[in-house]
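K.L.:
This one is final-v2.txt, compact mmCIF, C-alpha atoms and all ligand atoms.
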# COMPACT_ATOMS: atom_id res chain seq x y z
CA MET A 1 108.42 119.18 -17.14
CA LEU A 2 111.00 117.32 -19.15
CA GLY A 3 114.36 116.69 -17.52
CA LYS A 4 117.02 119.30 -18.12
CA SER A 5 119.82 117.99 -20.24
CA GLU A 6 122.67 120.25 -19.13
CA SER A 7 124.02 117.38 -17.05
CA LEU A 8 124.74 115.48 -20.26
CA VAL A 9 127.78 117.44 -21.34
CA HIS A 10 130.97 115.53 -20.76
CA PRO A 11 134.47 116.67 -21.64
CA MET A 12 134.92 113.75 -24.07
CA SER A 13 131.52 114.19 -25.70
CA LYS A 14 131.48 115.82 -29.09
CA SER A 15 128.10 114.74 -30.38
CA LEU A 16 124.58 114.84 -29.00
CA LEU A 17 122.10 112.31 -30.37
CA ILE A 18 118.41 112.98 -29.73
CA LEU A 19 116.57 109.72 -30.42
CA THR A 20 112.88 108.83 -30.27
CA GLY A 21 111.53 105.32 -29.72
CA HIS A 22 114.63 104.04 -27.92
CA SER A 23 112.93 101.51 -25.62
CA LYS A 24 112.80 98.55 -28.01
CA GLY A 25 113.29 97.37 -31.58
CA LEU A 26 115.44 99.41 -33.92
CA GLY A 27 115.55 102.36 -31.51
CA ARG A 28 117.00 100.19 -28.74
CA ALA A 29 119.75 98.97 -31.09
CA ILE A 30 120.52 102.56 -32.15
CA LEU A 31 120.64 103.54 -28.47
CA ASP A 32 123.07 100.75 -27.54
CA HIS A 33 125.24 101.43 -30.59
CA PHE A 34 125.74 105.11 -29.79
CA LEU A 35 126.00 104.70 -26.01
CA ASN A 36 128.97 102.44 -26.72
CA LYS A 37 130.52 104.78 -29.23
CA GLU A 38 133.06 107.21 -27.86
CA GLY A 39 132.08 110.85 -27.85
CA PHE A 40 128.30 110.52 -27.84
CA ASP A 41 125.70 111.75 -25.38
CA VAL A 42 122.18 110.47 -25.98
CA LEU A 43 118.86 112.11 -25.10
CA ALA A 44 116.24 109.41 -25.60
CA ILE A 45 112.45 109.76 -25.71
CA SER A 46 109.86 106.94 -25.46
CA ARG A 47 106.89 106.26 -23.21
CA THR A 48 108.95 103.58 -21.42
CA LYS A 49 112.12 104.38 -19.50
CA LEU A 50 114.75 101.62 -19.58
CA GLU A 51 116.38 100.33 -16.42
CA ILE A 52 119.83 101.30 -17.58
CA GLU A 53 122.18 103.76 -15.98
CA ALA A 54 124.78 105.36 -18.20
CA SER A 55 126.48 108.66 -17.59
CA ASN A 56 125.99 109.64 -21.25
CA LEU A 57 122.24 108.86 -21.32
CA THR A 58 119.25 111.01 -20.37
CA GLN A 59 115.81 109.45 -20.81
CA ILE A 60 112.55 111.32 -21.16
CA SER A 61 109.25 109.52 -20.76
CA LEU A 62 106.76 111.04 -23.16
CA ASP A 63 103.83 109.87 -25.27
CA LEU A 64 104.74 111.51 -28.57
CA SER A 65 101.18 111.18 -29.84
CA GLU A 66 100.09 113.68 -27.15
CA LEU A 67 100.93 116.74 -29.14
CA GLU A 68 99.83 119.35 -26.60
CA VAL A 69 102.34 117.96 -24.10
CA LEU A 70 105.06 117.67 -26.72
CA GLN A 71 104.43 121.22 -27.92
CA LYS A 72 104.79 122.63 -24.39
CA GLU A 73 108.04 120.77 -23.77
CA LEU A 74 109.71 121.20 -27.15
CA ASP A 75 112.18 123.87 -26.14
CA SER A 76 113.62 121.77 -23.34
CA VAL A 77 114.27 118.81 -25.67
CA PHE A 78 117.04 120.61 -27.53
CA PRO A 79 119.86 121.92 -25.33
CA ILE A 80 122.07 124.75 -26.54
CA ASP A 81 125.21 123.12 -25.22
CA ASN A 82 128.64 123.17 -26.74
CA TYR A 83 128.60 120.10 -28.97
CA GLU A 84 130.43 119.74 -32.27
CA GLU A 85 127.50 117.84 -33.71
CA PHE A 86 123.75 117.56 -33.10
CA ILE A 87 121.81 114.60 -34.51
CA LEU A 88 118.06 114.02 -34.37
CA ILE A 89 116.76 110.54 -35.21
CA ASN A 90 112.96 110.41 -35.38
CA ASN A 91 112.52 106.66 -35.05
CA ALA A 92 109.35 106.16 -32.96
CA GLY A 93 106.56 104.85 -35.15
CA TRP A 94 103.50 102.64 -35.25
CA ILE A 95 102.14 100.39 -38.01
CA GLY A 96 98.66 101.41 -36.85
CA GLU A 97 95.49 99.41 -37.26
CA VAL A 98 96.11 96.94 -40.08
CA LYS A 99 92.71 97.24 -41.76
CA PRO A 100 91.36 98.54 -45.06
CA ILE A 101 90.34 102.18 -45.33
CA GLY A 102 86.66 102.24 -44.46
CA SER A 103 87.25 100.08 -41.37
CA LEU A 104 89.71 102.37 -39.56
CA HIS A 105 88.84 103.95 -36.22
CA PRO A 106 89.32 107.73 -36.35
CA ALA A 107 90.88 107.84 -32.85
CA GLU A 108 93.54 105.26 -33.81
CA LEU A 109 94.20 107.07 -37.07
CA ARG A 110 94.68 110.30 -35.17
CA THR A 111 97.14 108.66 -32.76
CA GLN A 112 99.09 107.24 -35.68
CA VAL A 113 99.27 110.53 -37.60
CA ASN A 114 100.33 112.31 -34.40
CA LEU A 115 103.09 109.79 -33.67
CA ASN A 116 104.37 108.99 -37.17
CA LEU A 117 104.03 112.40 -38.76
CA LEU A 118 103.22 115.38 -36.55
CA ALA A 119 105.61 114.55 -33.69
CA PRO A 120 108.63 114.20 -36.04
CA MET A 121 107.50 117.36 -37.87
CA PHE A 122 107.35 119.26 -34.55
CA LEU A 123 110.75 117.89 -33.50
CA THR A 124 112.40 118.60 -36.86
CA ASN A 125 110.98 122.14 -36.83
CA SER A 126 112.27 122.76 -33.31
CA PHE A 127 115.66 121.24 -34.11
CA ILE A 128 116.08 123.61 -37.06
CA LYS A 129 114.87 126.59 -35.01
CA THR A 130 117.36 125.80 -32.23
CA TYR A 131 120.45 124.88 -34.26
CA LYS A 132 120.08 126.56 -37.66
CA PHE A 133 122.70 129.21 -36.91
CA ASN A 134 124.84 127.01 -34.66
CA GLU A 135 128.31 126.35 -36.09
CA ALA A 136 128.05 122.65 -35.17
CA ARG A 137 127.41 119.90 -37.73
CA LYS A 138 123.73 118.98 -37.78
CA GLN A 139 121.81 115.97 -39.09
CA VAL A 140 118.18 114.92 -39.05
CA ILE A 141 117.33 111.30 -39.86
CA ASN A 142 113.63 110.61 -40.17
CA ILE A 143 113.04 106.86 -40.20
CA SER A 144 110.89 106.03 -43.19
CA SER A 145 109.80 102.79 -44.85
CA GLY A 146 109.53 101.20 -48.27
CA ALA A 147 105.81 101.81 -47.65
CA ALA A 148 106.41 105.55 -48.18
CA LYS A 149 106.70 104.80 -51.90
CA ARG A 150 104.42 101.79 -52.28
CA ALA A 151 100.68 101.45 -51.54
CA VAL A 152 100.15 98.45 -49.26
CA SER A 153 96.60 97.20 -48.64
CA GLY A 154 95.81 97.46 -44.91
CA TRP A 155 98.50 100.09 -44.25
CA GLY A 156 96.61 103.28 -45.27
CA GLY A 157 97.75 105.32 -42.26
CA TYR A 158 101.25 103.90 -42.27
CA CYS A 159 102.01 104.45 -45.99
CA SER A 160 100.52 107.95 -45.87
CA THR A 161 102.35 109.16 -42.77
CA LYS A 162 105.71 107.81 -43.99
CA ALA A 163 105.22 109.38 -47.45
CA ALA A 164 104.29 112.75 -45.93
CA LEU A 165 107.27 112.69 -43.56
CA ALA A 166 109.61 111.95 -46.48
CA MET A 167 108.29 115.03 -48.31
CA PHE A 168 108.65 117.20 -45.18
CA THR A 169 112.27 116.01 -44.90
CA MET A 170 112.93 116.91 -48.55
CA VAL A 171 111.53 120.42 -48.03
CA ALA A 172 113.67 120.88 -44.89
CA ALA A 173 116.75 119.80 -46.87
CA LYS A 174 115.96 122.21 -49.68
CA GLU A 175 115.57 125.10 -47.24
CA ASN A 176 118.79 124.35 -45.34
CA LYS A 177 121.42 123.62 -47.96
CA SER A 178 124.77 123.56 -46.20
CA ASP A 179 127.68 121.14 -45.95
CA LYS A 180 127.08 121.27 -42.18
CA PHE A 181 123.38 120.38 -42.29
CA HIS A 182 122.08 117.07 -43.64
CA PHE A 183 118.58 115.62 -43.77
CA TYR A 184 117.67 112.03 -44.56
CA SER A 185 114.47 110.07 -44.94
CA LEU A 186 115.85 106.60 -44.33
CA ALA A 187 114.10 103.29 -45.00
CA PRO A 188 115.57 100.68 -42.62
CA GLY A 189 114.56 97.57 -44.61
CA ILE A 190 112.58 94.79 -42.95
CA VAL A 191 113.80 94.58 -39.38
CA ASP A 192 113.18 91.84 -36.83
CA THR A 193 111.24 93.83 -34.20
CA GLU A 194 107.87 93.78 -32.43
CA MET A 195 106.45 95.84 -35.26
CA GLN A 196 107.03 92.90 -37.63
CA ALA A 197 105.40 90.54 -35.10
CA GLU A 198 102.40 92.89 -34.99
CA ILE A 199 102.22 92.78 -38.81
CA ARG A 200 102.34 88.94 -38.83
CA ASN A 201 99.52 88.90 -36.24
CA SER A 202 97.11 90.80 -38.52
CA ASN A 203 94.01 89.18 -39.98
CA GLU A 204 94.46 87.74 -43.44
CA SER A 205 91.20 89.34 -44.56
CA ASP A 206 92.53 92.79 -43.55
CA PHE A 207 96.07 92.27 -44.83
CA PRO A 208 96.44 90.38 -48.12
CA ASP A 209 100.29 90.36 -47.91
CA ILE A 210 100.36 88.47 -44.60
CA GLU A 211 101.86 85.24 -46.02
CA LYS A 212 104.68 87.20 -47.63
CA PHE A 213 105.55 88.75 -44.25
CA LYS A 214 105.34 85.40 -42.45
CA GLY A 215 107.69 84.06 -45.12
CA PHE A 216 110.24 86.84 -44.49
CA LYS A 217 110.50 85.69 -40.88
CA GLU A 218 110.53 81.96 -41.69
CA ASN A 219 113.19 82.36 -44.39
CA GLY A 220 115.45 84.50 -42.20
CA ASP A 221 115.06 87.51 -44.50
CA LEU A 222 114.70 90.07 -41.69
CA SER A 223 117.65 92.27 -40.79
CA SER A 224 118.71 92.46 -37.18
CA PRO A 225 118.18 95.83 -35.47
CA GLU A 226 121.92 95.87 -34.63
CA GLU A 227 122.88 95.52 -38.31
CA VAL A 228 120.62 98.44 -39.23
CA ALA A 229 121.92 100.57 -36.34
CA ALA A 230 125.47 100.07 -37.67
CA LYS A 231 124.33 101.21 -41.13
CA ILE A 232 122.72 104.30 -39.64
CA ASP A 233 126.04 105.08 -37.97
CA PHE A 234 127.77 104.67 -41.35
CA LEU A 235 125.35 107.17 -42.89
CA ILE A 236 125.77 109.64 -40.04
CA SER A 237 129.55 109.32 -40.15
CA ASN A 238 129.79 109.78 -43.94
CA PRO A 239 127.20 112.36 -45.01
CA SER A 240 129.38 113.43 -47.95
CA LYS A 241 128.81 109.95 -49.46
CA PHE A 242 125.01 110.37 -49.27
CA GLU A 243 123.80 113.32 -51.30
CA ASP A 244 120.16 112.32 -51.71
CA VAL A 245 117.61 112.92 -48.95
CA ILE A 246 115.79 109.66 -49.69
CA GLN A 247 117.92 106.72 -48.58
CA ASP A 248 117.41 103.00 -48.02
CA VAL A 249 119.81 100.90 -45.93
CA ARG A 250 119.40 98.11 -48.50
CA ASN A 251 121.43 100.25 -50.92
CA PHE A 252 124.58 100.58 -48.82
N1 LIG A 301 110.54 96.84 -38.22
C1 LIG A 301 110.49 97.04 -39.54
O1 LIG A 301 110.54 96.10 -40.35
C2 LIG A 301 110.40 98.43 -40.07
C3 LIG A 301 110.37 98.60 -41.46
C4 LIG A 301 110.30 99.87 -41.98
C5 LIG A 301 110.28 100.96 -41.13
N2 LIG A 301 110.30 100.77 -39.77
C6 LIG A 301 110.28 101.96 -38.91
O2 LIG A 301 111.32 101.88 -37.96
C7 LIG A 301 110.95 102.57 -36.76
C8 LIG A 301 111.15 101.67 -35.56
O3 LIG A 301 110.30 100.55 -35.70
P1 LIG A 301 110.45 99.21 -34.85
O4 LIG A 301 110.20 98.11 -35.78
O5 LIG A 301 111.67 99.26 -34.04
O6 LIG A 301 109.15 99.36 -33.92
P2 LIG A 301 108.86 98.82 -32.43
O7 LIG A 301 109.69 97.64 -32.13
O8 LIG A 301 107.38 98.72 -32.35
O9 LIG A 301 109.37 100.05 -31.50
C9 LIG A 301 108.72 101.29 -31.57
C10 LIG A 301 109.40 102.30 -30.64
O10 LIG A 301 108.63 103.51 -30.71
C11 LIG A 301 108.22 103.89 -29.40
N3 LIG A 301 106.87 104.44 -29.40
C12 LIG A 301 105.74 103.85 -29.88
N4 LIG A 301 104.69 104.61 -29.61
C13 LIG A 301 105.15 105.72 -28.96
C14 LIG A 301 104.54 106.87 -28.42
N5 LIG A 301 103.21 107.06 -28.48
N6 LIG A 301 105.32 107.81 -27.83
C15 LIG A 301 106.65 107.62 -27.73
N7 LIG A 301 107.29 106.56 -28.23
C16 LIG A 301 106.55 105.61 -28.83
C17 LIG A 301 108.24 102.58 -28.60
O11 LIG A 301 108.48 102.86 -27.22
P3 LIG A 301 107.36 102.87 -26.08
O12 LIG A 301 106.38 101.78 -26.40
O13 LIG A 301 108.15 102.68 -24.84
O14 LIG A 301 106.75 104.24 -26.14
C18 LIG A 301 109.42 101.86 -29.20
O15 LIG A 301 110.61 102.26 -28.56
C19 LIG A 301 109.49 103.00 -36.97
O16 LIG A 301 109.45 104.35 -37.40
C20 LIG A 301 109.01 102.10 -38.08
O17 LIG A 301 107.96 102.66 -38.82
C21 LIG A 301 110.35 99.53 -39.22
Output the file's structure in the form of structure tokens.
P.N.:
Amino acid sequence: MLGKSESLVHPMSKSLLILTGHSKGLGRAILDHFLNKEGFDVLAISRTKLEIEASNLTQISLDLSELEVLQKELDSVFPIDNYEEFILINNAGWIGEVKPIGSLHPAELRTQVNLNLLAPMFLTNSFIKTYKFNEARKQVINISSGAAKRAVSGWGGYCSTKAALAMFTMVAAKENKSDKFHFYSLAPGIVDTEMQAEIRNSNESDFPDIEKFKGFKENGDLSSPEEVAAKIDFLISNPSKFEDVIQDVRNF
């Protein structure tokens, strides 16, 4: 059973952020940013639980690629508490096996599609089901990638899952047009996280762009996770400035 989240509600809290992939990288920076922001409670889901105690944080340990478990627990992820705003950030993701199509292992591909695509689809669906008729402001931010729009050799699973999630987000936005409900597919730019280290550790024969990615790191071209978390806050705080579903932090 997932932990109950009723204990989260605090008199000063106006917003509930439900965040996946909070244990490291960009998710960790988003977590820290909103834990330190007044008026936010955070419900955070990763496989790893962090050793931090904060009265406005509830952590759930869950492997989001295990869809049967996720499916059973979905209803308890979204509390029907009295918040003024509910925000879902689907951030957990995996670059997958960096190999050309033809060399991919089906089991790894399945894990990647489950984590990058089906889990955020399940969570977005449940979020809408739970809060559609709630008077609160609602936002869903599905973390995308430049790779959603661009075919990258070696990233077959990654490009495909990010592209499909962007389309799902656009459909959700079209079905829920309201000035109180916003949906974004947000590319975070190139961020200095373990995912980038994993990309730089690929084999050159499997990943022709490897030198370019090593160069990004060497030339200091990567954004810090903290910088990107602050931009995500700007987006969340100013939805009227962002009409399009497809967004890229490099444009604001
Ligand atoms: N870094 C970049 O340059 C970049 C660029 C474009 C897009 N993005 C996107 O940004 C998001 C965050 O990436 P990142 O660079 O911060 O990656 P990261 O450093 O590898 O962190 C990934 C996060 O996802 C969680 N996660 C991974 N597998 C999981 C699973 N099976 N179940 C639950 N949680 C899982 C991890 O926690 P646990 O291991 O504890 O489960 C971790 O908190 C991803 O969606 C990624 O595609 C990143």
K.L.:
Kindly work out which residues sit at most 9 Å from ligand LIG 301 (chain A), using all atoms listed in the file, and give the list as a ChimeraX atom specification.
P.N.:
/A:20-29,45-50,61-66,90-95,111-112,114-116,119,142-147,158,162,186-198,222-223,225
K.L.:
Taking (112.4, 123.2, -37.9) in the coordinates of the supplied file, I want to know which residues reach to within 12 Å of it, counting all atoms listed in the file; could you give the answer as a compact mmCIF listing (two decimals) with C-alpha atoms, keeping the file's coordinate frame?
P.N.:
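Output contents, as saved in point.txt:
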# COMPACT_ATOMS: atom_id res chain seq x y z
CA LEU A 74 109.71 121.20 -27.15
CA ASP A 75 112.18 123.87 -26.14
CA PHE A 78 117.04 120.61 -27.53
CA LEU A 88 118.06 114.02 -34.37
CA ALA A 119 105.61 114.55 -33.69
CA PRO A 120 108.63 114.20 -36.04
CA MET A 121 107.50 117.36 -37.87
CA PHE A 122 107.35 119.26 -34.55
CA LEU A 123 110.75 117.89 -33.50
CA THR A 124 112.40 118.60 -36.86
CA ASN A 125 110.98 122.14 -36.83
CA SER A 126 112.27 122.76 -33.31
CA PHE A 127 115.66 121.24 -34.11
CA ILE A 128 116.08 123.61 -37.06
CA LYS A 129 114.87 126.59 -35.01
CA THR A 130 117.36 125.80 -32.23
CA TYR A 131 120.45 124.88 -34.26
CA LYS A 132 120.08 126.56 -37.66
CA PHE A 133 122.70 129.21 -36.91
CA GLN A 139 121.81 115.97 -39.09
CA VAL A 140 118.18 114.92 -39.05
CA PHE A 168 108.65 117.20 -45.18
CA THR A 169 112.27 116.01 -44.90
CA VAL A 171 111.53 120.42 -48.03
CA ALA A 172 113.67 120.88 -44.89
CA ALA A 173 116.75 119.80 -46.87
CA GLU A 175 115.57 125.10 -47.24
CA ASN A 176 118.79 124.35 -45.34
CA PHE A 183 118.58 115.62 -43.77
K.L.:
Would you mind telling me which residue in A:Asn203, A:Ser55, A:Ser224, A:Ser185 lies nearest to A:Ile246 when using only C-alpha atoms?
P.N.:
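Distance minimum relative to A:Ile246 lands on A:Ser185.
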K.L.:
Give me the residues within 9 Å of A:Val42 as a PyMOL selection string, counting only C-alpha atoms and dropping any in the same chain fewer than 3 places off.
P.N.:
chain A and resi 8+15-19+31+34-35+56-59
K.L.:
How many Å separate atom CA of A:Gly39 from atom CA of A:Ile80?
P.N.:
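Going from atom CA of A:Gly39 over to atom CA of A:Ile80 covers 17.2 Å.
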K.L.:
State, in Å with one decimal place, the distance from atom CA of A:Ile101 to atom CA of A:Pro208.
P.N.:
13.6 Å
K.L.:
Mind pulling up the distance from atom CA of A:Asp41 to atom CA of A:Asp81?
P.N.:
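Atom-to-atom, atom CA of A:Asp81 and atom CA of A:Asp41 are spaced 11.4 Å apart.
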K.L.:
List the neighbours of A:Pro100 out to 7 Å using all atoms listed in the file; skip same-chain residues closer than 4 positions along the sequence, and give me the result as a list of chain:residue names.
P.N.:
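Close residues of A:Pro100: A:Leu104, A:Ser153, A:Gly154, A:Asp206.
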K.L.:
Residues within 10 Å of A:Leu235, please, as a PDB file with C-alpha atoms, keeping the file's coordinate frame. Count all atoms listed in the file; anything in the same chain fewer than 2 positions from it doesn't count.
P.N.:
ATOM      1  CA  ILE A 141     117.330 111.300 -39.860  1.00  0.00           C
ATOM      2  CA  TYR A 184     117.670 112.030 -44.560  1.00  0.00           C
ATOM      3  CA  LEU A 186     115.850 106.600 -44.330  1.00  0.00           C
ATOM      4  CA  ALA A 229     121.920 100.570 -36.340  1.00  0.00           C
ATOM      5  CA  ALA A 230     125.470 100.070 -37.670  1.00  0.00           C
ATOM      6  CA  LYS A 231     124.330 101.210 -41.130  1.00  0.00           C
ATOM      7  CA  ILE A 232     122.720 104.300 -39.640  1.00  0.00           C
ATOM      8  CA  ASP A 233     126.040 105.080 -37.970  1.00  0.00           C
ATOM      9  CA  SER A 237     129.550 109.320 -40.150  1.00  0.00           C
ATOM     10  CA  ASN A 238     129.790 109.780 -43.940  1.00  0.00           C
ATOM     11  CA  PRO A 239     127.200 112.360 -45.010  1.00  0.00           C
ATOM     12  CA  SER A 240     129.380 113.430 -47.950  1.00  0.00           C
ATOM     13  CA  LYS A 241     128.810 109.950 -49.460  1.00  0.00           C
ATOM     14  CA  PHE A 242     125.010 110.370 -49.270  1.00  0.00           C
ATOM     15  CA  GLN A 247     117.920 106.720 -48.580  1.00  0.00           C
ATOM     16  CA  VAL A 249     119.810 100.900 -45.930  1.00  0.00           C
ATOM     17  CA  PHE A 252     124.580 100.580 -48.820  1.00  0.00           C
TER      18      PHE A 252
END
